[in-house]
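Just below is one structure, and these are the notes that go with it.
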Amino acid sequence: MVSPAILLLIVFFFVPVGLCFALAFTNARLISPEPAKVIGFENFTRLFSDPLFWKSLRNTLYFAVVVVPLQSGFALLLALLVNAKIRGVNFFRTLYFVPVVTSIVVVSILWRFMYQPDGLVNNLLQTLSFNVVQGTDWLNNPTAALPAIMFMSIWQAVGFHMVIWLSGLQTIPGELYEASELDGADKWQQFRHVTWPGLKATRTFILVTITIAALSLFAQINVMTQGGPLDRTATVVFQAVRVGYGQQETAYASTISLVFFLLVLTVSLVQRYLTREKG
Amino acid sequence: MTVATIDQASAPTRAIPASGTSRRPGMRRAGGYLVRILLVGFFAFPLVFMFMSSLKPDDQIFADLDSIRAFLPVGDISLSNYTGVFDTVPAARFLANSIAISWPTPFPSICSTPISRASPRPWTRRRGSTVPAGSASTAVSSCRWPARRSRPWPS
């Protein structure tokens with residue numbers, strides 16, 4: 001029974017990771033008449049002395065640090081809103097989920113259009129603020145570009161985590177709420193002492209998945225900014241793809257991917273450790 | 001005896017706020033609906049804008065940007081952008097390719113990876129819900145897959 005799973009794991013996990021590990025110690029290029037040679041840790045030395053890598057890493061971590069708490073918090077709020085027994089709740093659930101079903105590239109193209117200096121976002125800002133707030137060229141402003149992408153990413157993905165939170169909320173037994181109501185607990189106390197502890201497993205799952213997704217930021221950058229302006233939106237994955245396919249430096253891209261893999265693994269293990277079942 | 005005393009003592013204190021709070025649940029419910037409807041606007045407005053823009057010629061899209069007309073099917077409305085898609089690129093072939101690539105993708109992950117164990121409980125609680133879940137995820141990934149190809153089409 002487990003052999004298909006093992007086969008798939010070997011083909012889609014162990015072989016690529018092993019190849020990535022092996023290539024990181026060579027000078028292989030995507031298309032080259034020369035055979036690849038083993039060059040030891042040269043790629044790693046180059047990577048750690050590359051200012052663009054550190055800039056990409058900083059941007060990636062900045063994105064994750066902002067997006068993970070905001071997106072998970074907003075998703076929980078939405079889940080609480082659509083967990084209520086009210087009329088039309090399925091309508092609200094569906095519409096909050098619609099951006100998730102829409103392709104991230106389609107969404108990125110749409111928001112790139114809306115973020116233009118004379119685009120919809122600036123027009124809305126001016127209209128709603130009675131011309132007090134003047135917009136900016138969001139994606140070409142070094143300060144505003146990454147926050148603009150963060151906003152769009154949260155808008156696009158929050159519905160998915162809303163569904164996960166919702167499934168967690170619906171596994172909490174109703175008797176616990178009834179008992180707490182009899183004890184005189186108000187809504188906030190119910191949330192703090194019943195809902196929040198009941199969401200422990202969901203919380204861990206959401207924290208890990210949002211963090212991995214945030215650290216893997218690529219599509220939005222590739223479509224909207226190509227890493228610009230002034231590399232202020234370059235990320236580690238974008239850098240790996242640009243180097244690997246644009247510059248055809250397969251070995252160096254493998255080095256970036258390997259370091260990124262170790263980074264994600266470390267962050268996930270730390271999160272798992274911090275959110276483990278105690279006792 | 002003690003219980004009766006407590007009930008009698010608490011009865012008047014409940015009665016006073018009861019008349020005051022009779023309007024509160026209604027107001028709270030209305031407020032809740034307002035928040036939910038505003039959020040619908042927040043999530044839907046880019047998609048409504050996209051849909052309405054797809055019915056308009058380029059120059060009208062920019063002309064409508066500074067007004068509510070950007071979200072309304074007004075002006076020179078037509079399906080020419082949609083017919084244009086089929087004229088300029090082999091859209092049917094792209095769609096078929098996307099479905100062909102996406103269709104087998106979710107099933108191995110549902111059947112053989114730990115994702116199936118980590119999936120939300122209501123989706124797996126009922127027997128037989130795996131196939132609908134697989135079909136839904138296939139449909140979703142079919143829609144999402146075409147856009148993964150973010151590079152320009154080869155001429």
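Naming scheme: A, B, ... for chains in displayed order of the structure tokens; residues 1 onward per chain; ligands 1 onward as shown.
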Requested in this report: Tell me which protein, DNA and RNA residues are within 12 Å of segment 71-87 of chain B, counting only C-alpha atoms, leaving out same-chain ones fewer than 3 positions away, and put them as a PyMOL selection string.
Outcome: (chain A and resi 120+124) or (chain B and resi 41+44-61+63-68+90-95)
Backbone-only DSSP, helix (DSSP H, G or I) members of segment 32-229 of chain A, as number ranges by chain: A: 42-48, 51-82, 89-101, 104-114, 120-128, 138-140, 145-169, 174-182, 187-198, 200-215, 219-224
For this session: Select, from A:Phe205, A:Phe13, A:Tyr245, A:Phe260, the residue with the minimum atom-to-atom distance to chain B, counting only C-alpha atoms.
Result: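 Using only C-alpha atoms, the shortest distance to chain B belongs to A:Phe205.
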Taken to one decimal, the atom CA of Arg242 of chain A-atom CA of Ala22 of chain A distance is 20.1 Å
request  = Please measure the separation of atom CA of Met224 of chain A and atom CA of Val67 of chain A, giving the value in Å to one decimal.
outcome  =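 These atoms are spaced 17.7 Å apart.
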(message) as a ChimeraX atom specification, please: the residues near segment 156-160 of chain A (cut-off 7 Å, only C-alpha atoms, same-chain neighbours under 4 positions excluded).
(response) /A:71,75,96-97,99-100,152,164
- prompt: Near Ala201 of chain A, counting only C-alpha atoms, which residues have an atom at most 12 Å away, once you skip same-chain residues fewer than 5 positions from it, shown as a ChimeraX atom specification?
  reply: /A:164-165,167-169,171-172,195-196,206-208,272,275-277 /B:118-121
Restricting to only C-alpha atoms, whichever of A:Arg93, A:Lys200, A:Lys37, A:Arg232 is closest to Thr60 of chain A is A:Arg232
